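The file upload29.cif contains mmCIF, C-alpha atoms and all ligand atoms:
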```
data_my_file
loop_
_atom_site.label_atom_id
_atom_site.label_comp_id
_atom_site.auth_asym_id
_atom_site.auth_seq_id
_atom_site.Cartn_x
_atom_site.Cartn_y
_atom_site.Cartn_z
CA MET Q 1 38.13 14.32 -25.60
CA LEU Q 2 35.76 15.75 -22.99
CA LYS Q 3 35.70 19.35 -21.86
CA VAL Q 4 33.41 20.43 -19.06
CA GLU Q 5 33.20 24.14 -18.40
CA SER Q 6 31.25 25.97 -15.71
CA LEU Q 7 28.90 23.08 -15.11
CA ASN Q 8 26.04 23.94 -12.77
CA VAL Q 9 23.36 21.54 -11.52
CA PHE Q 10 20.39 22.49 -9.39
CA TYR Q 11 17.88 20.18 -7.70
CA GLY Q 12 15.16 22.67 -6.78
CA ASN Q 13 16.88 25.03 -4.35
CA ILE Q 14 19.93 22.82 -3.92
CA HIS Q 15 22.90 24.07 -5.93
CA ALA Q 16 24.70 20.71 -6.28
CA LEU Q 17 27.41 21.69 -8.81
CA LYS Q 18 28.92 25.16 -8.86
CA ASP Q 19 30.94 26.10 -11.93
CA VAL Q 20 32.67 22.74 -12.18
CA SER Q 21 35.30 22.65 -14.93
CA PHE Q 22 37.59 19.81 -15.94
CA SER Q 23 38.85 17.95 -18.96
CA VAL Q 24 39.61 14.40 -19.99
CA SER Q 25 42.08 13.58 -22.75
CA LYS Q 26 41.94 10.47 -24.88
CA GLY Q 27 43.62 7.51 -23.19
CA GLU Q 28 43.63 8.99 -19.69
CA ILE Q 29 42.20 7.74 -16.43
CA ILE Q 30 40.77 10.76 -14.64
CA SER Q 31 39.47 10.46 -11.09
CA LEU Q 32 36.98 12.72 -9.36
CA ILE Q 33 37.29 12.29 -5.63
CA GLY Q 34 35.28 13.83 -2.83
CA SER Q 35 33.25 12.96 0.22
CA ASN Q 36 29.55 12.09 0.44
CA GLY Q 37 27.35 14.61 -1.31
CA SER Q 38 30.21 16.56 -2.89
CA GLY Q 39 28.63 16.22 -6.34
CA LYS Q 40 30.46 13.29 -7.93
CA THR Q 41 27.39 11.39 -9.12
CA SER Q 42 25.72 14.61 -10.25
CA THR Q 43 28.74 15.30 -12.47
CA LEU Q 44 28.45 11.91 -14.18
CA HIS Q 45 24.69 12.27 -14.51
CA ALA Q 46 25.12 15.69 -16.10
CA ILE Q 47 27.56 14.27 -18.67
CA SER Q 48 25.22 11.35 -19.44
CA GLY Q 49 22.28 13.70 -19.94
CA LEU Q 50 20.37 12.41 -16.91
CA VAL Q 51 19.94 15.71 -15.04
CA PRO Q 52 19.19 19.26 -16.22
CA LYS Q 53 22.26 21.49 -16.14
CA LYS Q 54 23.90 24.69 -17.30
CA GLY Q 55 27.37 25.01 -18.76
CA LEU Q 56 29.45 23.71 -21.60
CA LEU Q 57 29.91 19.99 -22.25
CA GLU Q 58 32.06 19.28 -25.28
CA TYR Q 59 32.78 15.75 -26.38
CA GLY Q 60 35.12 15.78 -29.37
CA ASP Q 61 33.37 18.02 -31.89
CA PHE Q 62 29.97 17.59 -30.26
CA GLU Q 63 28.23 19.84 -27.76
CA ILE Q 64 26.45 17.16 -25.73
CA GLY Q 65 24.85 19.44 -23.12
CA GLY Q 66 21.52 19.48 -24.94
CA MET Q 67 21.52 15.90 -26.16
CA ALA Q 68 19.21 13.10 -25.00
CA PRO Q 69 20.84 10.30 -22.97
CA GLU Q 70 20.44 7.71 -25.75
CA LYS Q 71 22.22 9.98 -28.22
CA ILE Q 72 25.07 10.46 -25.75
CA VAL Q 73 25.33 6.67 -25.32
CA SER Q 74 25.46 6.25 -29.10
CA LEU Q 75 28.54 8.51 -29.16
CA GLY Q 76 30.37 6.08 -26.87
CA LEU Q 77 29.94 7.73 -23.48
CA ILE Q 78 28.80 4.88 -21.29
CA GLN Q 79 28.05 5.16 -17.59
CA VAL Q 80 28.33 2.35 -15.05
CA PRO Q 81 25.86 3.49 -12.39
CA GLU Q 82 26.48 3.60 -8.67
CA GLY Q 83 25.04 0.53 -6.98
CA ARG Q 84 25.47 -1.42 -10.24
CA ARG Q 85 21.77 -1.51 -11.23
CA ILE Q 86 22.00 -4.86 -12.88
CA PHE Q 87 18.80 -6.72 -13.79
CA ALA Q 88 18.56 -9.18 -10.89
CA ASN Q 89 16.00 -11.48 -12.52
CA LEU Q 90 17.89 -11.83 -15.77
CA SER Q 91 20.88 -14.09 -16.36
CA VAL Q 92 24.42 -12.79 -16.73
CA LEU Q 93 24.17 -13.34 -20.50
CA GLU Q 94 20.88 -11.47 -20.73
CA ASN Q 95 22.30 -8.56 -18.74
CA LEU Q 96 25.24 -8.35 -21.13
CA GLU Q 97 22.87 -8.46 -24.10
CA MET Q 98 20.98 -5.50 -22.62
CA GLY Q 99 24.23 -3.56 -22.69
CA ALA Q 100 24.53 -4.25 -26.39
CA TYR Q 101 21.07 -3.04 -27.30
CA THR Q 102 22.47 -0.34 -29.58
CA GLU Q 103 24.70 -2.83 -31.37
CA LYS Q 104 23.20 -4.03 -34.63
CA ASN Q 105 26.34 -5.68 -35.93
CA ARG Q 106 26.31 -9.36 -34.89
CA ALA Q 107 30.03 -9.92 -35.46
CA ARG Q 108 30.94 -6.94 -33.31
CA MET Q 109 28.56 -8.09 -30.60
CA LYS Q 110 30.24 -11.49 -30.58
CA ARG Q 111 33.65 -9.84 -30.30
CA ASN Q 112 32.38 -7.76 -27.39
CA PHE Q 113 31.15 -10.89 -25.59
CA GLU Q 114 34.57 -12.46 -26.04
CA ARG Q 115 36.28 -9.34 -24.77
CA VAL Q 116 34.06 -9.19 -21.66
CA PHE Q 117 34.59 -12.88 -20.93
CA GLN Q 118 38.33 -12.43 -21.35
CA SER Q 119 38.38 -9.58 -18.81
CA PHE Q 120 35.93 -11.37 -16.53
CA PRO Q 121 36.35 -15.16 -16.78
CA ARG Q 122 34.11 -15.49 -13.74
CA LEU Q 123 31.20 -14.03 -15.69
CA LYS Q 124 31.73 -16.63 -18.39
CA GLU Q 125 31.55 -19.45 -15.82
CA ARG Q 126 28.37 -17.94 -14.42
CA ARG Q 127 26.76 -16.80 -17.63
CA ARG Q 128 23.51 -18.74 -17.07
CA GLN Q 129 23.20 -17.72 -13.41
CA LEU Q 130 20.61 -15.10 -12.38
CA ALA Q 131 22.43 -11.83 -11.86
CA GLY Q 132 20.71 -11.22 -8.52
CA THR Q 133 22.45 -14.29 -7.09
CA LEU Q 134 25.96 -13.06 -7.96
CA SER Q 135 28.22 -11.76 -5.19
CA GLY Q 136 28.71 -8.01 -4.87
CA GLY Q 137 32.04 -8.13 -6.66
CA GLU Q 138 30.64 -10.24 -9.46
CA GLN Q 139 27.73 -7.83 -9.85
CA GLN Q 140 30.19 -4.95 -10.20
CA MET Q 141 32.05 -6.96 -12.84
CA LEU Q 142 28.75 -7.55 -14.63
CA ALA Q 143 27.89 -3.83 -14.52
CA ILE Q 144 31.26 -2.98 -16.06
CA GLY Q 145 30.96 -5.85 -18.55
CA ARG Q 146 27.53 -4.63 -19.59
CA ALA Q 147 28.98 -1.17 -20.27
CA LEU Q 148 31.77 -2.73 -22.36
CA MET Q 149 29.11 -4.37 -24.55
CA ALA Q 150 28.11 -0.87 -25.69
CA ASN Q 151 31.54 -0.07 -27.22
CA PRO Q 152 32.56 2.73 -24.85
CA ALA Q 153 35.11 5.29 -25.94
CA LEU Q 154 34.75 7.03 -22.58
CA LEU Q 155 33.66 4.90 -19.65
CA LEU Q 156 32.09 6.77 -16.71
CA LEU Q 157 32.46 4.72 -13.55
CA ASP Q 158 30.48 5.65 -10.44
CA GLU Q 159 32.04 4.27 -7.22
CA PRO Q 160 33.06 0.85 -8.47
CA SER Q 161 34.58 0.02 -5.07
CA MET Q 162 31.35 0.62 -3.14
CA GLY Q 163 30.53 -2.16 -0.70
CA LEU Q 164 33.35 -4.44 -1.83
CA ALA Q 165 35.96 -6.23 0.30
CA PRO Q 166 39.50 -4.85 -0.17
CA VAL Q 167 40.69 -7.83 -2.19
CA LEU Q 168 37.80 -7.37 -4.63
CA VAL Q 169 38.44 -3.64 -4.81
CA ASP Q 170 42.01 -4.44 -5.91
CA GLU Q 171 40.69 -6.85 -8.52
CA ILE Q 172 38.16 -4.36 -9.91
CA PHE Q 173 40.78 -1.61 -10.09
CA SER Q 174 43.26 -3.79 -11.90
CA ILE Q 175 40.54 -4.66 -14.42
CA ILE Q 176 39.78 -0.95 -14.88
CA LYS Q 177 43.45 -0.38 -15.60
CA GLU Q 178 43.41 -3.25 -18.09
CA ILE Q 179 40.34 -1.85 -19.87
CA ASN Q 180 42.11 1.50 -20.11
CA GLY Q 181 45.12 -0.31 -21.58
CA GLN Q 182 42.83 -1.59 -24.33
CA GLY Q 183 42.13 1.99 -25.38
CA VAL Q 184 39.09 2.99 -23.34
CA THR Q 185 39.35 6.40 -21.68
CA ILE Q 186 38.09 6.39 -18.09
CA LEU Q 187 36.38 8.95 -15.89
CA LEU Q 188 36.21 7.47 -12.42
CA VAL Q 189 34.22 8.80 -9.49
CA GLU Q 190 35.32 7.44 -6.12
CA GLN Q 191 35.15 7.90 -2.39
CA ASN Q 192 38.10 5.52 -2.06
CA ALA Q 193 40.56 8.31 -2.78
CA TYR Q 194 43.65 6.19 -2.30
CA LYS Q 195 42.64 3.65 -4.95
CA ALA Q 196 41.29 6.33 -7.28
CA LEU Q 197 44.56 8.29 -7.13
CA SER Q 198 46.63 5.12 -7.47
CA ILE Q 199 45.34 4.35 -10.94
CA ALA Q 200 44.63 7.84 -12.32
CA ASN Q 201 46.78 10.05 -14.49
CA ARG Q 202 45.14 13.19 -13.14
CA ALA Q 203 42.46 13.90 -10.58
CA TYR Q 204 40.05 16.56 -9.40
CA VAL Q 205 38.83 17.01 -5.84
CA LEU Q 206 35.18 18.02 -5.42
CA GLU Q 207 34.12 19.80 -2.25
CA THR Q 208 30.48 20.79 -1.78
CA GLY Q 209 29.94 21.06 -5.52
CA ARG Q 210 33.16 22.88 -6.42
CA VAL Q 211 36.52 21.72 -7.73
CA SER Q 212 38.87 22.59 -4.87
CA LEU Q 213 42.08 20.96 -6.12
CA SER Q 214 43.35 19.30 -9.27
CA GLY Q 215 46.55 17.99 -10.74
CA PRO Q 216 48.56 14.88 -11.53
CA ALA Q 217 47.32 12.05 -9.31
CA ALA Q 218 50.81 11.33 -7.96
CA GLU Q 219 51.13 14.93 -6.81
CA LEU Q 220 47.70 14.98 -5.18
CA MET Q 221 48.60 11.81 -3.32
CA GLU Q 222 51.44 13.77 -1.66
CA ASP Q 223 49.39 16.93 -1.08
CA GLU Q 224 48.95 17.58 2.65
CA ARG Q 225 45.36 18.79 2.22
CA VAL Q 226 44.42 15.62 0.31
CA LYS Q 227 46.25 13.41 2.80
CA LYS Q 228 44.48 15.02 5.71
CA ALA Q 229 40.98 15.05 4.23
CA TYR Q 230 40.88 11.90 2.11
CA LEU Q 231 43.78 9.58 2.87
CA GLY Q 232 43.42 9.26 6.61
CA GLY Q 233 46.14 11.76 7.49
P1 LIG Q 301 27.87 10.13 -2.74
O1 LIG Q 301 29.33 9.85 -2.66
O2 LIG Q 301 27.20 10.10 -1.40
O3 LIG Q 301 27.15 9.36 -3.78
P2 LIG Q 301 28.11 12.44 -4.50
O4 LIG Q 301 29.41 13.13 -4.34
O5 LIG Q 301 27.95 11.52 -5.63
O6 LIG Q 301 27.75 11.70 -3.14
P3 LIG Q 301 25.72 13.73 -5.44
O7 LIG Q 301 24.93 12.47 -5.38
O8 LIG Q 301 26.12 14.25 -6.75
O9 LIG Q 301 27.03 13.58 -4.53
O10 LIG Q 301 24.92 14.84 -4.63
C1 LIG Q 301 25.33 16.19 -4.56
C2 LIG Q 301 24.29 16.99 -3.75
O11 LIG Q 301 23.07 17.05 -4.48
C3 LIG Q 301 23.95 16.38 -2.41
O12 LIG Q 301 23.77 17.42 -1.50
C4 LIG Q 301 22.66 15.64 -2.68
O13 LIG Q 301 21.88 15.56 -1.51
C5 LIG Q 301 22.01 16.50 -3.72
N1 LIG Q 301 21.15 15.71 -4.63
C6 LIG Q 301 21.55 14.71 -5.45
N2 LIG Q 301 20.52 14.21 -6.16
C7 LIG Q 301 19.43 14.92 -5.78
C8 LIG Q 301 18.04 14.89 -6.14
N3 LIG Q 301 17.59 14.05 -7.08
N4 LIG Q 301 17.23 15.77 -5.53
C9 LIG Q 301 17.68 16.64 -4.58
N5 LIG Q 301 18.97 16.71 -4.21
C10 LIG Q 301 19.83 15.88 -4.78
#
```

Do you think you could lay out the structure here as structure tokens?
Ligand code: ATP
Amino acid sequence: MLKVESLNVFYGNIHALKDVSFSVSKGEIISLIGSNGSGKTSTLHAISGLVPKKGLLEYGDFEIGGMAPEKIVSLGLIQVPEGRRIFANLSVLENLEMGAYTEKNRARMKRNFERVFQSFPRLKERRRQLAGTLSGGEQQMLAIGRALMANPALLLLDEPSMGLAPVLVDEIFSIIKEINGQGVTILLVEQNAYKALSIANRAYVLETGRVSLSGPAAELMEDERVKKAYLGG
């Protein structure tokens, strides 16, 4: 579904991604794990067309490397940004509507609302509440719900566990799994390596802008290097 080959990203003199290559097949959950500054967000931004880059980015039959972000979104690659970036002064409903801005088909938009409210009943209860007054976990749900409104084929999730209490992290991850079960392919970027490996089919480890390890998530979970560096020994 997505093939990334020799991806390089520079910010001025900083070489943030160095020949990063990986692939995502339809139906998979793929996790990119790595510590602070290893290049996880840059990878997602490169795929979404938000930073200049070099390399090959194939999505199905499309070469998306040179496409504008809105074109990439229209192909079904939808990113949930780090830190959620919801519109604090808009209601939950209005935030969800913003996610559906590319959707012209009313019936499909209605179906998407129903689907989001089914996955996140709490958002339905709070649909008239200002998004800025939601709890951190609810805001993360809203950010994911907003992305679902755009009919994702491949959902790019940037640190969904950030700043959340463990019980909420569990809830968010089980929802991610559920969304994947409904046919949405997932590329997940996470510092919480344990959770990210728990739900992924395969994973890649990023270290200072390079892929240092990759393989089935269950195998990486048992890998001594991964245990030592990312799973607390
Ligand atoms: P974190 O987990 O802390 O979000 P990350 O793995 O997502 O980190 P990136 O945000 O991709 O890492 O950053 C990779 C490197 O690129 C870091 O050294 C970072 O300082 C640098 N970087 C990222 N964005 C910019 C920018 N806009 N300008 C300059 N340097 C940047």

_Which residues are close to Leu206 (chain Q), i.e. within 9 Å by all atoms listed in the file, leaving aside same-chain residues fewer than 4 positions away? Reply as an MDAnalysis selection string._
chainID Q and resid 20 32:35 38:40 210:213

Using C-alpha atoms, can you write the selected residues to a file as an mmCIF file, in the coordinates of the input?
```
data_model
loop_
_atom_site.group_PDB
_atom_site.id
_atom_site.type_symbol
_atom_site.label_atom_id
_atom_site.label_comp_id
_atom_site.auth_asym_id
_atom_site.auth_seq_id
_atom_site.Cartn_x
_atom_site.Cartn_y
_atom_site.Cartn_z
ATOM 1 C CA VAL Q 20 32.670 22.740 -12.180
ATOM 2 C CA LEU Q 32 36.980 12.720 -9.360
ATOM 3 C CA ILE Q 33 37.290 12.290 -5.630
ATOM 4 C CA GLY Q 34 35.280 13.830 -2.830
ATOM 5 C CA SER Q 35 33.250 12.960 0.220
ATOM 6 C CA SER Q 38 30.210 16.560 -2.890
ATOM 7 C CA GLY Q 39 28.630 16.220 -6.340
ATOM 8 C CA LYS Q 40 30.460 13.290 -7.930
ATOM 9 C CA ARG Q 210 33.160 22.880 -6.420
ATOM 10 C CA VAL Q 211 36.520 21.720 -7.730
ATOM 11 C CA SER Q 212 38.870 22.590 -4.870
ATOM 12 C CA LEU Q 213 42.080 20.960 -6.120
#
```

With 10 Å as the cut-off and all atoms listed in the file counted, what is the closest atom pair between each nearby residue of chain Q and ligand LIG 301 (chain Q)? Distances in Å to one decimal, ordered by chain and number, as a tab-separated table.
```
residue	atom	partner	partner_atom	distance
Q:Val9	CA	Q:LIG301	O11	8.4
Q:Phe10	CA	Q:LIG301	O11	7.8
Q:Tyr11	CA	Q:LIG301	C9	4.7
Q:Gly12	CA	Q:LIG301	C9	6.9
Q:Asn13	CA	Q:LIG301	C9	8.4
Q:Ile14	CA	Q:LIG301	N5	6.2
Q:His15	CA	Q:LIG301	O11	7.2
Q:Ala16	CA	Q:LIG301	O11	4.4
Q:Leu17	CA	Q:LIG301	C1	7.3
Q:Leu32	CA	Q:LIG301	O4	9.1
Q:Ile33	CA	Q:LIG301	O4	8.0
Q:Gly34	CA	Q:LIG301	O4	6.1
Q:Ser35	CA	Q:LIG301	O1	5.8
Q:Asn36	CA	Q:LIG301	O2	3.6
Q:Gly37	CA	Q:LIG301	O9	3.4
Q:Ser38	CA	Q:LIG301	O4	3.8
Q:Gly39	CA	Q:LIG301	O8	3.2
Q:Lys40	CA	Q:LIG301	O4	3.7
Q:Thr41	CA	Q:LIG301	O5	3.5
Q:Ser42	CA	Q:LIG301	O8	3.5
Q:Thr43	CA	Q:LIG301	O8	6.4
Q:Leu44	CA	Q:LIG301	O8	8.1
Q:His45	CA	Q:LIG301	O8	8.1
Q:Ala46	CA	Q:LIG301	O8	9.5
Q:Val51	CA	Q:LIG301	N3	8.5
Q:Glu82	CA	Q:LIG301	O3	7.6
Q:Gly83	CA	Q:LIG301	O3	9.6
Q:Asp158	CA	Q:LIG301	O5	8.0
Q:Glu159	CA	Q:LIG301	O1	7.7
Q:Met162	CA	Q:LIG301	O1	9.5
Q:Val189	CA	Q:LIG301	O5	7.8
Q:Glu190	CA	Q:LIG301	O1	7.3
Q:Gln191	CA	Q:LIG301	O1	6.1
Q:Asn192	CA	Q:LIG301	O1	9.8
Q:Leu206	CA	Q:LIG301	O4	7.6
Q:Glu207	CA	Q:LIG301	O4	8.4
Q:Thr208	CA	Q:LIG301	C1	7.4
Q:Gly209	CA	Q:LIG301	C1	6.8
```

Can you spit out the residues from that selection as a short mmCIF file (atom, residue, chain, number, x, y, z; two decimals), in the frame of the given file, using C-alpha atoms?
```
data_model
loop_
_atom_site.label_atom_id
_atom_site.label_comp_id
_atom_site.auth_asym_id
_atom_site.auth_seq_id
_atom_site.Cartn_x
_atom_site.Cartn_y
_atom_site.Cartn_z
CA VAL Q 9 23.36 21.54 -11.52
CA PHE Q 10 20.39 22.49 -9.39
CA TYR Q 11 17.88 20.18 -7.70
CA GLY Q 12 15.16 22.67 -6.78
CA ASN Q 13 16.88 25.03 -4.35
CA ILE Q 14 19.93 22.82 -3.92
CA HIS Q 15 22.90 24.07 -5.93
CA ALA Q 16 24.70 20.71 -6.28
CA LEU Q 17 27.41 21.69 -8.81
CA LEU Q 32 36.98 12.72 -9.36
CA ILE Q 33 37.29 12.29 -5.63
CA GLY Q 34 35.28 13.83 -2.83
CA SER Q 35 33.25 12.96 0.22
CA ASN Q 36 29.55 12.09 0.44
CA GLY Q 37 27.35 14.61 -1.31
CA SER Q 38 30.21 16.56 -2.89
CA GLY Q 39 28.63 16.22 -6.34
CA LYS Q 40 30.46 13.29 -7.93
CA THR Q 41 27.39 11.39 -9.12
CA SER Q 42 25.72 14.61 -10.25
CA THR Q 43 28.74 15.30 -12.47
CA LEU Q 44 28.45 11.91 -14.18
CA HIS Q 45 24.69 12.27 -14.51
CA ALA Q 46 25.12 15.69 -16.10
CA VAL Q 51 19.94 15.71 -15.04
CA GLU Q 82 26.48 3.60 -8.67
CA GLY Q 83 25.04 0.53 -6.98
CA ASP Q 158 30.48 5.65 -10.44
CA GLU Q 159 32.04 4.27 -7.22
CA MET Q 162 31.35 0.62 -3.14
CA VAL Q 189 34.22 8.80 -9.49
CA GLU Q 190 35.32 7.44 -6.12
CA GLN Q 191 35.15 7.90 -2.39
CA ASN Q 192 38.10 5.52 -2.06
CA LEU Q 206 35.18 18.02 -5.42
CA GLU Q 207 34.12 19.80 -2.25
CA THR Q 208 30.48 20.79 -1.78
CA GLY Q 209 29.94 21.06 -5.52
#
```

List every residue of region 180-209 of chain Q that has an atom at most 8 Å from any atom of region 26-29 of chain Q, giving for each one its closest atom pair and the distance in Å to one decimal, counting all atoms listed in the file, sorted by chain and then by ascending residue number, as a tab-separated table.
```
residue	atom	partner	partner_atom	distance
Q:Asn180	CA	Q:Gly27	CA	6.9
Q:Gly183	CA	Q:Gly27	CA	6.1
Q:Val184	CA	Q:Gly27	CA	6.4
Q:Thr185	CA	Q:Gly27	CA	4.7
Q:Ile186	CA	Q:Ile29	CA	4.6
Q:Leu187	CA	Q:Ile29	CA	6.0
Q:Leu188	CA	Q:Ile29	CA	7.2
Q:Ile199	CA	Q:Ile29	CA	7.2
Q:Ala200	CA	Q:Ile29	CA	4.8
Q:Asn201	CA	Q:Ile29	CA	5.5
Q:Arg202	CA	Q:Ile29	CA	7.0
```

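Nearest residue to Glu63 (chain Q), choosing from Q:Leu154, Q:Val80, Q:Val116, Q:Val4 and counting only C-alpha atoms: Q:Val4.
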
_Restricting the calculation to all atoms listed in the file: of Q:Glu94, Q:Glu70, Q:Glu58, Q:Glu103, which residue gets closest to Arg127 (chain Q)?_
Q:Glu94

*asked:* I'd like to know which of Q:Val205, Q:Glu114, Q:Val169, Q:Ser135 is closest to Asp223 (chain Q), using all atoms listed in the file.
replied: Q:Val205

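Among the candidate residues Q:Leu93, Q:Ala147, Q:Leu57, Q:Val73, the one lying nearest to Ala131 (chain Q) is Q:Leu93, with distances computed using all atoms listed in the file.
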
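The space between CA of Asn151 (chain Q) and CA of Ala218 (chain Q) spans 29.5 Å.
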
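For the atom pair formed by CA of Leu134 (chain Q) and CA of Ser74 (chain Q), the distance is 28.6 Å, given to one decimal.
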
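When the distance limit is 8 Å and only C-alpha atoms are what count, the residues near Tyr59 (chain Q), minus those fewer than 2 positions from it on the same chain, are Met1, Leu2, Lys3, Leu57, Asp61, Phe62, Glu63 and Ile64 of chain Q.
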
Residue subset to file, keeping C-alpha atoms, as a JSON list (two decimals), in the coordinates of the input:
```
[["chain", "number", "residue", "atom", "x", "y", "z"],
["Q", 1, "MET", "CA", 38.13, 14.32, -25.60],
["Q", 2, "LEU", "CA", 35.76, 15.75, -22.99],
["Q", 3, "LYS", "CA", 35.70, 19.35, -21.86],
["Q", 57, "LEU", "CA", 29.91, 19.99, -22.25],
["Q", 61, "ASP", "CA", 33.37, 18.02, -31.89],
["Q", 62, "PHE", "CA", 29.97, 17.59, -30.26],
["Q", 63, "GLU", "CA", 28.23, 19.84, -27.76],
["Q", 64, "ILE", "CA", 26.45, 17.16, -25.73]]
```

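Close to (47.1, 15.4, -10.9), meaning no more than 8 Å away when counting all atoms listed in the file, sit the residues Asn201, Arg202, Ala203, Tyr204, Ser214, Gly215, Pro216, Ala217, Ala218, Glu219 and Leu220 of chain Q.
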
Please report, as AutoDock Vina command-line options, the centre and edge lengths in Å to one decimal of an axis-aligned box covering all listed atoms of region 214-221 of chain Q with 4 Å per side.
```
--center_x 47.2 --center_y 15.3 --center_z -7.4 --size_x 15.8 --size_y 16.0 --size_z 16.2
```
